[in-house]
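Listing of my_file-v3.csv, CSV, C-alpha atoms and all ligand atoms
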chain,number,residue,atom,x,y,z
L,1428,MET,CA,77.3,128.9,102.8
L,1429,ASN,CA,74.2,127.3,101.3
L,1430,ASN,CA,74.8,123.6,100.4
L,1431,GLN,CA,71.1,122.9,99.6
L,1432,PRO,CA,70.7,121.2,96.2
L,1433,ILE,CA,69.1,123.4,93.5
L,1434,LYS,CA,65.4,122.7,93.4
L,1435,PRO,CA,64.2,124.4,90.2
L,1436,ILE,CA,60.5,124.4,89.3
L,1437,ILE,CA,60.2,123.1,85.7
L,1438,LEU,CA,57.1,123.1,83.5
L,1439,GLY,CA,57.4,120.1,81.1
L,1440,ILE,CA,55.4,120.0,77.8
L,1441,GLU,CA,55.2,116.8,75.7
L,1442,SER,CA,53.4,116.6,72.3
L,1443,SER,CA,55.5,114.3,70.2
L,1444,CYS,CA,52.8,111.8,69.2
L,1445,ASP,CA,49.2,111.3,70.3
L,1446,ASP,CA,49.4,112.3,74.0
L,1447,THR,CA,49.2,116.0,75.0
L,1448,SER,CA,50.9,116.2,78.4
L,1449,ALA,CA,52.1,118.9,80.9
L,1450,ALA,CA,53.9,118.3,84.2
L,1451,VAL,CA,55.3,120.4,87.1
L,1452,LEU,CA,58.5,119.2,88.6
L,1453,VAL,CA,60.0,120.6,91.9
L,1454,GLY,CA,63.5,119.4,92.4
L,1455,ASP,CA,63.3,115.7,91.7
L,1456,GLN,CA,59.6,115.3,92.6
L,1457,ILE,CA,56.6,115.5,90.3
L,1458,LYS,CA,53.8,117.7,91.6
L,1459,SER,CA,51.5,117.1,88.6
L,1460,ASN,CA,51.5,115.1,85.4
L,1461,ILE,CA,48.4,115.6,83.2
L,1462,ILE,CA,48.0,113.5,80.1
L,1463,ALA,CA,45.2,113.9,77.5
L,1464,THR,CA,45.2,110.8,75.4
L,1465,GLN,CA,43.7,111.2,71.9
L,1466,LYS,CA,40.9,108.7,71.3
L,1467,VAL,CA,40.3,110.0,67.8
L,1468,HIS,CA,42.9,107.4,66.3
L,1469,GLU,CA,41.3,104.2,67.7
L,1470,SER,CA,39.2,103.4,64.7
L,1471,TYR,CA,42.0,104.0,62.2
L,1472,GLY,CA,44.4,101.3,63.5
L,1473,GLY,CA,47.2,103.8,64.1
L,1474,VAL,CA,47.9,107.5,64.7
L,1475,VAL,CA,46.7,109.9,62.0
L,1476,PRO,CA,49.3,112.8,62.1
L,1477,GLU,CA,46.9,115.6,61.0
L,1478,LEU,CA,44.3,114.6,63.5
L,1479,ALA,CA,47.0,114.4,66.2
L,1480,SER,CA,48.2,118.0,65.6
L,1481,ARG,CA,44.6,119.3,65.7
L,1482,ALA,CA,43.9,117.5,68.9
L,1483,HIS,CA,47.1,118.8,70.5
L,1484,GLN,CA,46.0,122.4,69.6
L,1485,GLN,CA,42.7,121.7,71.4
L,1486,HIS,CA,44.3,120.1,74.5
L,1487,ILE,CA,47.5,122.1,75.1
L,1488,VAL,CA,46.1,125.1,77.0
L,1489,PRO,CA,43.7,123.2,79.3
L,1490,VAL,CA,46.3,120.5,80.0
L,1491,ILE,CA,48.9,123.1,81.0
L,1492,ASN,CA,46.4,125.0,83.1
L,1493,GLU,CA,45.4,121.8,84.9
L,1494,ALA,CA,49.1,120.9,85.5
L,1495,LEU,CA,49.8,124.3,87.1
L,1496,LYS,CA,46.5,124.1,89.1
L,1497,VAL,CA,47.1,120.5,90.5
L,1498,ALA,CA,50.7,121.5,91.4
L,1499,ASN,CA,49.3,124.6,93.1
L,1500,ILE,CA,51.8,126.8,91.2
L,1501,THR,CA,51.5,129.9,89.0
L,1502,LEU,CA,53.6,130.7,86.0
L,1503,LYS,CA,55.5,133.3,88.1
L,1504,ASP,CA,57.0,130.4,90.2
L,1505,VAL,CA,58.3,128.5,87.1
L,1506,ASP,CA,62.1,128.6,86.5
L,1507,ALA,CA,62.1,127.0,83.1
L,1508,ILE,CA,59.8,125.6,80.4
L,1509,ALA,CA,61.0,122.3,79.0
L,1510,PHE,CA,59.5,121.0,75.8
L,1511,THR,CA,59.9,118.0,73.5
L,1512,GLN,CA,61.9,119.1,70.4
L,1513,GLY,CA,61.9,115.6,68.8
L,1514,PRO,CA,61.8,112.9,67.6
L,1515,GLY,CA,58.2,112.5,66.8
L,1516,LEU,CA,55.5,113.6,64.3
L,1517,LEU,CA,56.4,117.1,62.9
L,1518,GLY,CA,52.9,118.5,63.2
L,1519,SER,CA,52.5,117.3,66.8
L,1520,LEU,CA,56.0,118.6,67.8
L,1521,LEU,CA,55.2,121.9,66.2
L,1522,VAL,CA,52.3,122.5,68.5
L,1523,GLY,CA,54.3,121.9,71.7
L,1524,THR,CA,57.4,123.8,70.4
L,1525,SER,CA,55.4,126.8,69.2
L,1526,PHE,CA,53.4,127.0,72.4
L,1527,ALA,CA,56.5,126.7,74.7
L,1528,LYS,CA,58.3,129.4,72.7
L,1529,SER,CA,55.4,131.8,72.8
L,1530,LEU,CA,55.0,131.2,76.6
L,1531,SER,CA,58.7,131.9,77.1
L,1532,LEU,CA,58.5,135.0,75.0
L,1533,ALA,CA,55.5,136.3,76.9
L,1534,THR,CA,56.8,135.5,80.4
L,1535,ASN,CA,60.6,135.7,80.0
L,1536,ILE,CA,60.9,132.2,81.5
L,1537,PRO,CA,63.9,130.4,80.0
L,1538,LEU,CA,63.3,127.6,77.5
L,1539,ILE,CA,64.8,124.1,77.4
L,1540,ALA,CA,64.6,121.8,74.4
L,1541,VAL,CA,64.4,118.1,75.3
L,1542,ASN,CA,64.9,114.9,73.3
L,1543,HIS,CA,61.9,112.7,73.8
L,1544,MET,CA,64.1,109.5,73.9
L,1545,GLU,CA,66.4,111.0,76.5
L,1546,GLY,CA,63.2,111.9,78.5
L,1547,HIS,CA,62.2,108.2,78.5
L,1548,VAL,CA,65.6,107.2,79.9
L,1549,LEU,CA,65.7,110.0,82.5
L,1550,ALA,CA,62.2,109.2,83.8
L,1551,HIS,CA,64.1,106.8,86.1
L,1552,PHE,CA,65.4,109.9,88.1
L,1553,ILE,CA,61.9,111.1,89.1
L,1554,LYS,CA,61.7,110.5,92.8
L,1555,GLU,CA,58.5,109.6,94.7
L,1556,ASP,CA,60.4,110.3,97.9
L,1557,GLU,CA,63.9,111.1,99.0
L,1558,LYS,CA,64.7,107.4,99.7
L,1559,GLN,CA,64.0,106.2,96.2
L,1560,VAL,CA,66.9,104.4,94.6
L,1561,VAL,CA,67.9,105.5,91.1
L,1562,PRO,CA,70.2,103.7,88.7
L,1563,ASN,CA,74.0,104.1,89.1
L,1564,PHE,CA,76.1,105.1,86.1
L,1565,PRO,CA,76.8,103.6,83.7
L,1566,PHE,CA,73.5,101.8,83.2
L,1567,LEU,CA,71.7,100.3,80.2
L,1568,CYS,CA,68.2,101.4,79.2
L,1569,LEU,CA,66.0,99.4,76.9
L,1570,THR,CA,63.5,101.9,75.5
L,1571,VAL,CA,60.6,100.0,73.9
L,1572,SER,CA,57.7,102.2,72.6
L,1573,GLY,CA,55.4,102.5,69.7
L,1574,GLY,CA,57.8,104.5,67.7
L,1575,HIS,CA,61.2,103.3,69.0
L,1576,THR,CA,63.2,100.3,70.1
L,1577,GLN,CA,66.6,101.3,71.4
L,1578,LEU,CA,69.4,100.1,73.7
L,1579,VAL,CA,71.0,103.1,75.3
L,1580,LYS,CA,74.2,103.1,77.4
L,1581,VAL,CA,73.9,106.0,79.9
L,1582,THR,CA,77.2,107.3,81.3
L,1583,SER,CA,75.8,110.4,82.9
L,1584,PRO,CA,72.4,112.2,82.8
L,1585,LEU,CA,73.3,114.1,79.7
L,1586,ASN,CA,75.7,111.7,78.1
L,1587,MET,CA,74.2,108.6,76.5
L,1588,THR,CA,74.9,106.5,73.4
L,1589,VAL,CA,72.5,104.3,71.4
L,1590,ILE,CA,74.3,100.9,71.1
L,1591,GLY,CA,71.4,99.1,69.3
L,1592,ALA,CA,68.2,100.1,67.6
L,1593,THR,CA,65.5,98.7,65.3
L,1594,ILE,CA,66.1,98.8,61.6
L,1595,ASP,CA,62.4,98.8,60.8
L,1596,ASP,CA,59.3,98.5,63.1
L,1597,ALA,CA,59.4,99.3,66.8
L,1598,ALA,CA,58.5,96.6,69.3
L,1599,GLY,CA,55.2,98.5,70.2
L,1600,GLU,CA,54.4,98.7,66.5
L,1601,ALA,CA,54.9,94.9,66.2
L,1602,PHE,CA,52.4,94.5,69.0
L,1603,ASP,CA,50.0,97.0,67.5
L,1604,LYS,CA,50.2,95.5,63.9
L,1605,ALA,CA,49.7,92.0,65.2
L,1606,ALA,CA,46.7,93.1,67.2
L,1607,LYS,CA,45.3,94.8,64.1
L,1608,MET,CA,45.6,91.6,62.2
L,1609,LEU,CA,43.7,89.9,65.0
L,1610,GLY,CA,40.9,92.5,64.7
L,1611,LEU,CA,41.8,94.3,67.9
L,1612,PRO,CA,41.6,98.1,68.1
L,1613,TYR,CA,44.6,100.5,68.3
L,1614,PRO,CA,46.7,100.6,70.4
L,1615,GLY,CA,46.6,96.8,70.5
L,1616,GLY,CA,49.6,96.2,72.8
L,1617,PRO,CA,47.7,96.3,76.1
L,1618,LEU,CA,44.9,94.0,74.6
L,1619,VAL,CA,47.5,91.4,73.4
L,1620,ASP,CA,48.9,91.5,76.9
L,1621,LYS,CA,45.4,90.9,78.4
L,1622,HIS,CA,44.4,88.0,76.1
L,1623,ALA,CA,47.9,86.4,76.4
L,1624,LYS,CA,47.3,85.9,80.1
L,1625,SER,CA,44.8,83.1,79.3
L,1626,GLY,CA,46.8,81.7,76.3
L,1627,ASN,CA,49.6,79.2,75.7
L,1628,LYS,CA,52.7,80.9,74.5
L,1629,PHE,CA,54.0,77.7,72.9
L,1630,ALA,CA,50.7,77.0,70.9
L,1631,PHE,CA,52.2,78.6,67.7
L,1632,GLU,CA,55.8,79.1,66.8
L,1633,PHE,CA,57.0,82.2,65.0
L,1634,PRO,CA,60.6,83.0,64.0
L,1635,ILE,CA,62.4,84.9,66.8
L,1636,PRO,CA,64.0,87.9,65.0
L,1637,ASN,CA,67.8,88.0,65.5
L,1638,MET,CA,69.7,90.8,63.9
L,1639,ASP,CA,73.4,91.5,63.7
L,1640,GLU,CA,75.1,93.1,66.7
L,1641,LEU,CA,72.6,94.8,69.1
L,1642,ASN,CA,70.0,95.7,66.5
L,1643,PHE,CA,66.3,94.7,66.2
L,1644,SER,CA,64.0,94.0,63.4
L,1645,PHE,CA,60.2,93.2,63.5
L,1646,SER,CA,59.0,93.6,60.0
L,1647,GLY,CA,59.8,90.0,59.0
L,1648,LEU,CA,57.9,88.7,62.0
L,1649,LYS,CA,54.9,90.8,61.0
L,1650,THR,CA,54.9,89.3,57.5
L,1651,SER,CA,55.2,85.7,58.7
L,1652,PHE,CA,52.3,86.3,61.2
L,1653,LEU,CA,50.2,87.7,58.3
L,1654,TYR,CA,50.9,84.8,56.0
L,1655,PHE,CA,50.3,82.3,58.9
L,1656,LEU,CA,46.9,83.9,59.7
L,1657,LYS,CA,45.9,83.9,56.0
L,1658,LYS,CA,46.7,80.2,55.6
L,1659,GLN,CA,44.9,79.2,58.7
L,1660,LEU,CA,41.8,81.4,57.9
L,1661,LYS,CA,41.5,79.5,54.5
L,1662,LEU,CA,41.2,76.3,56.5
L,1663,ASN,CA,39.0,77.6,59.2
L,1664,GLU,CA,37.3,81.0,59.0
L,1665,ASN,CA,36.9,81.1,62.8
L,1666,PHE,CA,40.6,80.4,63.4
L,1667,ILE,CA,41.3,83.8,65.0
L,1668,GLN,CA,38.2,83.8,67.3
L,1669,GLU,CA,38.9,80.2,68.4
L,1670,ASN,CA,42.6,80.8,69.1
L,1671,LEU,CA,42.8,84.5,70.1
L,1672,ASN,CA,44.4,83.9,73.5
L,1673,ASP,CA,47.0,81.5,72.2
L,1674,LEU,CA,47.8,83.7,69.2
L,1675,CYS,CA,48.4,86.7,71.5
L,1676,ALA,CA,50.5,84.6,74.0
L,1677,SER,CA,52.7,83.2,71.2
L,1678,MET,CA,53.2,86.5,69.4
L,1679,GLN,CA,53.9,88.3,72.7
L,1680,HIS,CA,56.4,85.6,73.6
L,1681,THR,CA,58.2,86.0,70.3
L,1682,ILE,CA,58.5,89.8,70.5
L,1683,VAL,CA,59.5,89.8,74.2
L,1684,THR,CA,62.1,87.1,73.7
L,1685,ALA,CA,63.7,89.0,70.7
L,1686,VAL,CA,63.9,92.1,72.8
L,1687,LEU,CA,65.3,90.5,75.9
L,1688,ASN,CA,67.9,88.4,74.0
L,1689,LYS,CA,69.5,91.6,72.8
L,1690,LEU,CA,69.3,93.2,76.2
L,1691,THR,CA,71.1,90.2,77.7
L,1692,GLN,CA,73.7,90.3,75.0
L,1693,ALA,CA,74.2,94.1,75.6
L,1694,ALA,CA,74.6,93.7,79.3
L,1695,ALA,CA,77.2,90.9,78.9
L,1696,LEU,CA,79.1,92.8,76.1
L,1697,HIS,CA,79.3,96.1,78.1
L,1698,ASN,CA,79.7,94.3,81.5
L,1699,ILE,CA,76.8,96.4,83.0
L,1700,SER,CA,74.4,95.0,85.6
L,1701,GLU,CA,72.4,98.2,86.2
L,1702,ILE,CA,69.5,97.7,83.8
L,1703,ALA,CA,66.5,100.0,83.2
L,1704,ILE,CA,63.5,99.8,80.9
L,1705,ALA,CA,61.4,102.5,79.5
L,1706,GLY,CA,58.7,103.3,76.9
L,1707,GLY,CA,55.1,102.1,76.6
L,1708,VAL,CA,55.9,98.4,76.0
L,1709,SER,CA,57.6,98.2,79.4
L,1710,ALA,CA,54.1,98.1,80.8
L,1711,ASN,CA,53.8,94.6,79.3
L,1712,SER,CA,53.3,92.1,82.1
L,1713,TYR,CA,55.1,89.2,80.4
L,1714,LEU,CA,58.1,91.4,79.6
L,1715,ARG,CA,58.2,92.4,83.3
L,1716,ASP,CA,58.0,88.8,84.5
L,1717,GLN,CA,60.7,87.6,82.1
L,1718,LEU,CA,62.9,90.6,83.1
L,1719,ASN,CA,62.6,89.7,86.8
L,1720,ILE,CA,63.7,86.1,85.9
L,1721,LEU,CA,66.7,87.4,84.0
L,1722,ALA,CA,67.6,89.9,86.7
L,1723,ASN,CA,67.7,87.0,89.3
L,1724,LYS,CA,69.7,84.9,86.9
L,1725,HIS,CA,72.3,87.5,86.0
L,1726,GLY,CA,72.4,89.5,89.2
L,1727,TRP,CA,71.0,92.7,87.5
L,1728,ASN,CA,69.7,95.7,89.5
L,1729,MET,CA,66.4,96.3,87.6
L,1730,PHE,CA,64.7,99.7,87.3
L,1731,ILE,CA,61.2,99.8,86.0
L,1732,PRO,CA,59.4,103.2,86.1
L,1733,LYS,CA,55.9,103.7,87.5
L,1734,PHE,CA,53.3,102.9,84.7
L,1735,GLU,CA,52.5,106.6,84.1
L,1736,TYR,CA,56.2,107.4,83.5
L,1737,CYS,CA,56.5,104.4,81.0
L,1738,THR,CA,54.1,105.7,78.4
L,1739,ASP,CA,54.5,109.2,76.9
L,1740,ASN,CA,54.3,111.9,79.6
L,1741,ALA,CA,55.5,115.3,80.4
L,1742,ALA,CA,57.0,114.3,83.7
L,1743,MET,CA,60.0,112.7,81.9
L,1744,ILE,CA,60.4,115.9,79.8
L,1745,ALA,CA,60.5,118.0,83.0
L,1746,ILE,CA,63.1,115.8,84.7
L,1747,ALA,CA,65.3,115.8,81.6
L,1748,GLY,CA,64.8,119.6,81.5
L,1749,LYS,CA,66.0,119.8,85.1
L,1750,PHE,CA,69.3,118.1,84.2
L,1751,LYS,CA,69.8,120.6,81.4
L,1752,TYR,CA,68.7,123.5,83.7
L,1753,VAL,CA,71.5,122.6,86.2
L,1754,GLN,CA,74.0,122.7,83.3
L,1755,LYS,CA,72.5,125.9,82.0
L,1756,GLN,CA,71.7,124.3,78.6
L,1757,PHE,CA,68.9,126.7,77.5
L,1758,ALA,CA,67.3,126.9,74.1
L,1759,THR,CA,66.7,130.1,72.1
L,1760,LEU,CA,63.5,131.3,70.4
L,1761,ASP,CA,64.8,130.0,67.0
L,1762,ALA,CA,64.6,126.4,68.2
L,1763,VAL,CA,62.6,124.3,65.7
L,1764,PRO,CA,61.0,120.8,66.1
L,1765,ASN,CA,63.1,118.0,64.7
L,1766,PRO,CA,61.1,114.8,63.8
L,1767,ARG,CA,64.4,112.8,63.5
L,1768,LEU,CA,66.3,114.2,66.5
L,1769,LYS,CA,69.0,111.8,67.5
L,1770,ILE,CA,70.3,111.2,71.0
L,1771,SER,CA,73.3,113.5,71.4
L,1801,LIG,O1,55.8,105.2,74.9
L,1801,LIG,P1,54.5,105.1,74.3
L,1801,LIG,O2,53.3,105.5,75.1
L,1801,LIG,O3,54.4,106.0,73.0
L,1801,LIG,C1,55.4,106.1,72.0
L,1801,LIG,O4,56.3,106.9,72.2
L,1801,LIG,O5,55.2,105.3,71.1
L,1801,LIG,O6,54.3,103.6,73.7
L,1801,LIG,C2,53.1,103.2,73.1
L,1801,LIG,C3,53.2,101.8,72.7
L,1801,LIG,C4,52.1,101.3,71.9
L,1801,LIG,O7,52.6,100.6,70.8
L,1801,LIG,C5,51.3,100.3,72.8
L,1801,LIG,O8,50.7,99.3,72.1
L,1801,LIG,C6,52.5,99.8,73.6
L,1801,LIG,O9,53.3,100.9,73.9
L,1801,LIG,N1,52.0,99.2,74.9
L,1801,LIG,C7,52.0,97.9,75.2
L,1801,LIG,C8,51.5,97.7,76.5
L,1801,LIG,N2,51.1,98.9,76.9
L,1801,LIG,C9,51.4,99.8,75.9
L,1801,LIG,N3,52.5,96.8,74.5
L,1801,LIG,C10,52.4,95.6,75.0
L,1801,LIG,N4,51.9,95.4,76.2
L,1801,LIG,C11,51.4,96.4,77.0
L,1801,LIG,N5,50.9,96.1,78.2
L,1802,ZN,ZN,57.6,107.8,73.7
Just dump the structure as structure tokens.
Ligand code: KG4
Ligand code: ZN
Amino acid sequence: MNNQPIKPIILGIESSCDDTSAAVLVGDQIKSNIIATQKVHESYGGVVPELASRAHQQHIVPVINEALKVANITLKDVDAIAFTQGPGLLGSLLVGTSFAKSLSLATNIPLIAVNHMEGHVLAHFIKEDEKQVVPNFPFLCLTVSGGHTQLVKVTSPLNMTVIGATIDDAAGEAFDKAAKMLGLPYPGGPLVDKHAKSGNKFAFEFPIPNMDELNFSFSGLKTSFLYFLKKQLKLNENFIQENLNDLCASMQHTIVTAVLNKLTQAAALHNISEIAIAGGVSANSYLRDQLNILANKHGWNMFIPKFEYCTDNAAMIAIAGKFKYVQKQFATLDAVPNPRLKIS
């Protein structure tokens, strides 16, 4: 009898926002994860949906070819094609979905539709080697990206519930909008992180958002930051240049504290000490430092993915696809992109 675990080869395709990505997964291990980041949005201060779709169309074939080449695999070896069905920008999702369906039709390779947010959570199960420790169930995952801020309770790979979410802006959006007000290019999150390293987080005090239950809100903070800057600039037109590092450190401290307060509350409420983070903002160095402090204080087992699996990538879509492959949850050719797809 063969007791070997199934090691399917999955081609993952991600195109929900402004990164075109393709990855090859064999079993639990990633053999390639190619990401083409779109530079075209930098000067606009945010993602321009139409430009994003056009760039996906240009990138998708070379990115998939490169992923297969780096993994040293041909399409004949692939057991399933996993693609991002949503949530995301409709035009961007349409490119990945249409391409995945056409490829499946042409090759007869089964198709798997993946929820992008489930992908972020399941990225924790990508193994660099056999010894890598993965979260035990149930665990909590804080997903903080440019489009989403969610607290997810994960009871099994394909069984997760959103227990808290933002009612307006996402945490990454708060970073990016604050950065824009400070004159920094898009995406401003990493630049705020960089400047904050030389700043004093207590230099300026902003209200720490605190919503009911386990929800988040960042639009009030954005407005108070805007009015604060306007007032200071009237008094001193060089206010931002003279205080950039302190402004970044104070804003970063406010956003991160708001997010971690809710995570701490959720862990206590659900009595869970397996804690994971995901999404682009989990790359933030202050967030990571504060998380380690909290993990020591509360005895949490922390899981933080490798940087390339934090931001948008197809490796996470491929691993989510693997879980669905094992359960034989295949999609049909009438699958359509869903910009508002919810976690099941
Ligand atoms: O997950 P992601 O790549 O794309 C979305 O699904 O949105 O997240 C991108 C977000 C952007 O808002 C970016 O500014 C933020 O993640 N980000 C950071 C850092 N690196 C990326 N925010 C704060 N500090 C960072 N180091
Ligand atoms: Zn994302």
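Atom CA of L:Met1729 to atom CA of L:Ser1572 spans 18.3 Å [interatomic distance, one decimal].
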Determine, using only C-alpha atoms, which residues of stretch 1457-1544 of chain L have any atom at most 12 Å from an atom of stretch 1607-1631 of chain L, and tabulate each with its shortest atom pair and distance in Å to one decimal place, rows ordered by chain and then rising number, as a Markdown table.
| residue | atom | partner | partner_atom | distance |
| --- | --- | --- | --- | --- |
| L:Thr1464 | CA | L:Pro1614 | CA | 11.5 |
| L:Gln1465 | CA | L:Pro1614 | CA | 11.1 |
| L:Lys1466 | CA | L:Tyr1613 | CA | 9.5 |
| L:Val1467 | CA | L:Tyr1613 | CA | 10.4 |
| L:His1468 | CA | L:Tyr1613 | CA | 7.4 |
| L:Glu1469 | CA | L:Tyr1613 | CA | 5.0 |
| L:Ser1470 | CA | L:Pro1612 | CA | 6.7 |
| L:Tyr1471 | CA | L:Tyr1613 | CA | 7.5 |
| L:Gly1472 | CA | L:Tyr1613 | CA | 4.9 |
| L:Gly1473 | CA | L:Tyr1613 | CA | 5.9 |
| L:Val1474 | CA | L:Tyr1613 | CA | 8.5 |
| L:Val1475 | CA | L:Tyr1613 | CA | 11.5 |
Counting only C-alpha atoms and all ligand atoms, which protein, DNA or RNA residues come within 8 Å of ligand ZN 1802 (chain L), given as JSON, numbers by chain?
-> {"L": [1443, 1444, 1543, 1544, 1547, 1572, 1573, 1574, 1575, 1706, 1707, 1738, 1739, 1740]}
Pick the closest to ligand LIG 1801 (chain L) from L:Val1571, L:Leu1641, L:Leu1687, L:Ile1553: which is it, counting only C-alpha atoms and all ligand atoms?
-> L:Val1571
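Those residues that approach L:Leu1690 to within 9 Å, counting only C-alpha atoms, are Leu1567, Cys1568, Leu1569, Leu1578, Leu1641, Ala1685, Val1686, Leu1687, Ala1693, Ala1694, Ala1695 and Ile1702 of chain L; same-chain residues fewer than 3 positions away are not listed.
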Put those residues in a file: C-alpha atoms, as an mmCIF file, in the frame of the given file.
data_model
loop_
_atom_site.group_PDB
_atom_site.id
_atom_site.type_symbol
_atom_site.label_atom_id
_atom_site.label_comp_id
_atom_site.auth_asym_id
_atom_site.auth_seq_id
_atom_site.Cartn_x
_atom_site.Cartn_y
_atom_site.Cartn_z
ATOM 1 C CA LEU L 1567 71.700 100.300 80.200
ATOM 2 C CA CYS L 1568 68.200 101.400 79.200
ATOM 3 C CA LEU L 1569 66.000 99.400 76.900
ATOM 4 C CA LEU L 1578 69.400 100.100 73.700
ATOM 5 C CA LEU L 1641 72.600 94.800 69.100
ATOM 6 C CA ALA L 1685 63.700 89.000 70.700
ATOM 7 C CA VAL L 1686 63.900 92.100 72.800
ATOM 8 C CA LEU L 1687 65.300 90.500 75.900
ATOM 9 C CA ALA L 1693 74.200 94.100 75.600
ATOM 10 C CA ALA L 1694 74.600 93.700 79.300
ATOM 11 C CA ALA L 1695 77.200 90.900 78.900
ATOM 12 C CA ILE L 1702 69.500 97.700 83.800
#
Would you pick out the contacts of L:Phe1633 at 12 Å or less, using all atoms listed in the file, so that residues sharing its chain but fewer than 2 positions from it are not included, and give the list as an mmCIF file with C-alpha atoms, keeping the file's coordinate frame?
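File result.cif, as written:
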data_model
loop_
_atom_site.group_PDB
_atom_site.id
_atom_site.type_symbol
_atom_site.label_atom_id
_atom_site.label_comp_id
_atom_site.auth_asym_id
_atom_site.auth_seq_id
_atom_site.Cartn_x
_atom_site.Cartn_y
_atom_site.Cartn_z
ATOM 1 C CA LYS L 1628 52.700 80.900 74.500
ATOM 2 C CA PHE L 1629 54.000 77.700 72.900
ATOM 3 C CA ALA L 1630 50.700 77.000 70.900
ATOM 4 C CA PHE L 1631 52.200 78.600 67.700
ATOM 5 C CA ILE L 1635 62.400 84.900 66.800
ATOM 6 C CA PRO L 1636 64.000 87.900 65.000
ATOM 7 C CA PHE L 1645 60.200 93.200 63.500
ATOM 8 C CA GLY L 1647 59.800 90.000 59.000
ATOM 9 C CA LEU L 1648 57.900 88.700 62.000
ATOM 10 C CA LYS L 1649 54.900 90.800 61.000
ATOM 11 C CA THR L 1650 54.900 89.300 57.500
ATOM 12 C CA SER L 1651 55.200 85.700 58.700
ATOM 13 C CA PHE L 1652 52.300 86.300 61.200
ATOM 14 C CA LEU L 1653 50.200 87.700 58.300
ATOM 15 C CA TYR L 1654 50.900 84.800 56.000
ATOM 16 C CA PHE L 1655 50.300 82.300 58.900
ATOM 17 C CA LEU L 1656 46.900 83.900 59.700
ATOM 18 C CA LEU L 1674 47.800 83.700 69.200
ATOM 19 C CA CYS L 1675 48.400 86.700 71.500
ATOM 20 C CA ALA L 1676 50.500 84.600 74.000
ATOM 21 C CA SER L 1677 52.700 83.200 71.200
ATOM 22 C CA MET L 1678 53.200 86.500 69.400
ATOM 23 C CA GLN L 1679 53.900 88.300 72.700
ATOM 24 C CA HIS L 1680 56.400 85.600 73.600
ATOM 25 C CA THR L 1681 58.200 86.000 70.300
ATOM 26 C CA ILE L 1682 58.500 89.800 70.500
ATOM 27 C CA THR L 1684 62.100 87.100 73.700
ATOM 28 C CA ALA L 1685 63.700 89.000 70.700
#
Go through stretch 1572-1659 of chain L residue by residue and, counting only C-alpha atoms, keep those with an atom at most 12 Å from stretch 1743-1751 of chain L; for each kept residue give the shortest atom pair and its distance in Å to one decimal, ordered by chain and increasing number, as JSON lines.
{"residue": "L:Ser1583", "atom": "CA", "partner": "L:Phe1750", "partner_atom": "CA", "distance": 10.2}
{"residue": "L:Pro1584", "atom": "CA", "partner": "L:Phe1750", "partner_atom": "CA", "distance": 6.8}
{"residue": "L:Leu1585", "atom": "CA", "partner": "L:Phe1750", "partner_atom": "CA", "distance": 7.2}
{"residue": "L:Asn1586", "atom": "CA", "partner": "L:Phe1750", "partner_atom": "CA", "distance": 10.9}
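Taking atom CA of L:Ser1480 and atom C6 of ligand LIG 1801 (chain L) as endpoints, the distance between them is 20.3 Å.
Using all atoms listed in the file, the nearest neighbour of L:Tyr1713 within the list L:Val1488, L:Val1581, L:Val1683, L:Ala1463 is L:Val1683.
You will find atom CA of L:Glu1493 at 28.5 Å from atom N4 of ligand LIG 1801 (chain L).
Counting only C-alpha atoms and all ligand atoms and comparing L:Gly1523, L:Pro1435, L:Gly1454, L:Gly1546, the residue that lies closest to ligand LIG 1801 (chain L) is L:Gly1546.
Checking L:Tyr1752, L:Phe1510, L:Tyr1736, L:Phe1552 one by one against ligand LIG 1801 (chain L), counting all atoms listed in the file, you find the shortest gap at L:Tyr1736.
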L:Lys1496 proximity check over L:Leu1696, L:Gln1756, L:Ala1449, L:Asn1665, using only C-alpha atoms: winner is L:Ala1449
Spatial sel., origin (51.4, 102.3, 83.7), limit 10 Å, only C-alpha atoms, listed as JSON, numbers by chain = {"L": [1707, 1708, 1709, 1710, 1711, 1732, 1733, 1734, 1735, 1736, 1737, 1738]}
Output stretch 1661-1677 of chain L from the block with C-alpha atoms, as a PDB file, in the first residue's frame?
ATOM      1  CA  LYS L1661       0.176  77.325   8.204  1.00  0.00           C
ATOM      2  CA  LEU L1662       2.551  78.021  11.088  1.00  0.00           C
ATOM      3  CA  ASN L1663       5.660  76.648   9.379  1.00  0.00           C
ATOM      4  CA  GLU L1664       5.752  75.784   5.687  1.00  0.00           C
ATOM      5  CA  ASN L1665       8.739  73.484   6.251  1.00  0.00           C
ATOM      6  CA  PHE L1666       6.961  71.554   8.994  1.00  0.00           C
ATOM      7  CA  ILE L1667       6.885  68.245   7.098  1.00  0.00           C
ATOM      8  CA  GLN L1668      10.523  68.334   5.936  1.00  0.00           C
ATOM      9  CA  GLU L1669      11.721  69.298   9.423  1.00  0.00           C
ATOM     10  CA  ASN L1670       9.673  66.587  11.173  1.00  0.00           C
ATOM     11  CA  LEU L1671       9.380  63.798   8.590  1.00  0.00           C
ATOM     12  CA  ASN L1672      10.932  61.033  10.692  1.00  0.00           C
ATOM     13  CA  ASP L1673       8.924  61.917  13.816  1.00  0.00           C
ATOM     14  CA  LEU L1674       5.693  62.180  11.801  1.00  0.00           C
ATOM     15  CA  CYS L1675       6.299  58.746  10.256  1.00  0.00           C
ATOM     16  CA  ALA L1676       7.173  57.190  13.636  1.00  0.00           C
ATOM     17  CA  SER L1677       4.108  58.690  15.365  1.00  0.00           C
TER      18      SER L1677
END
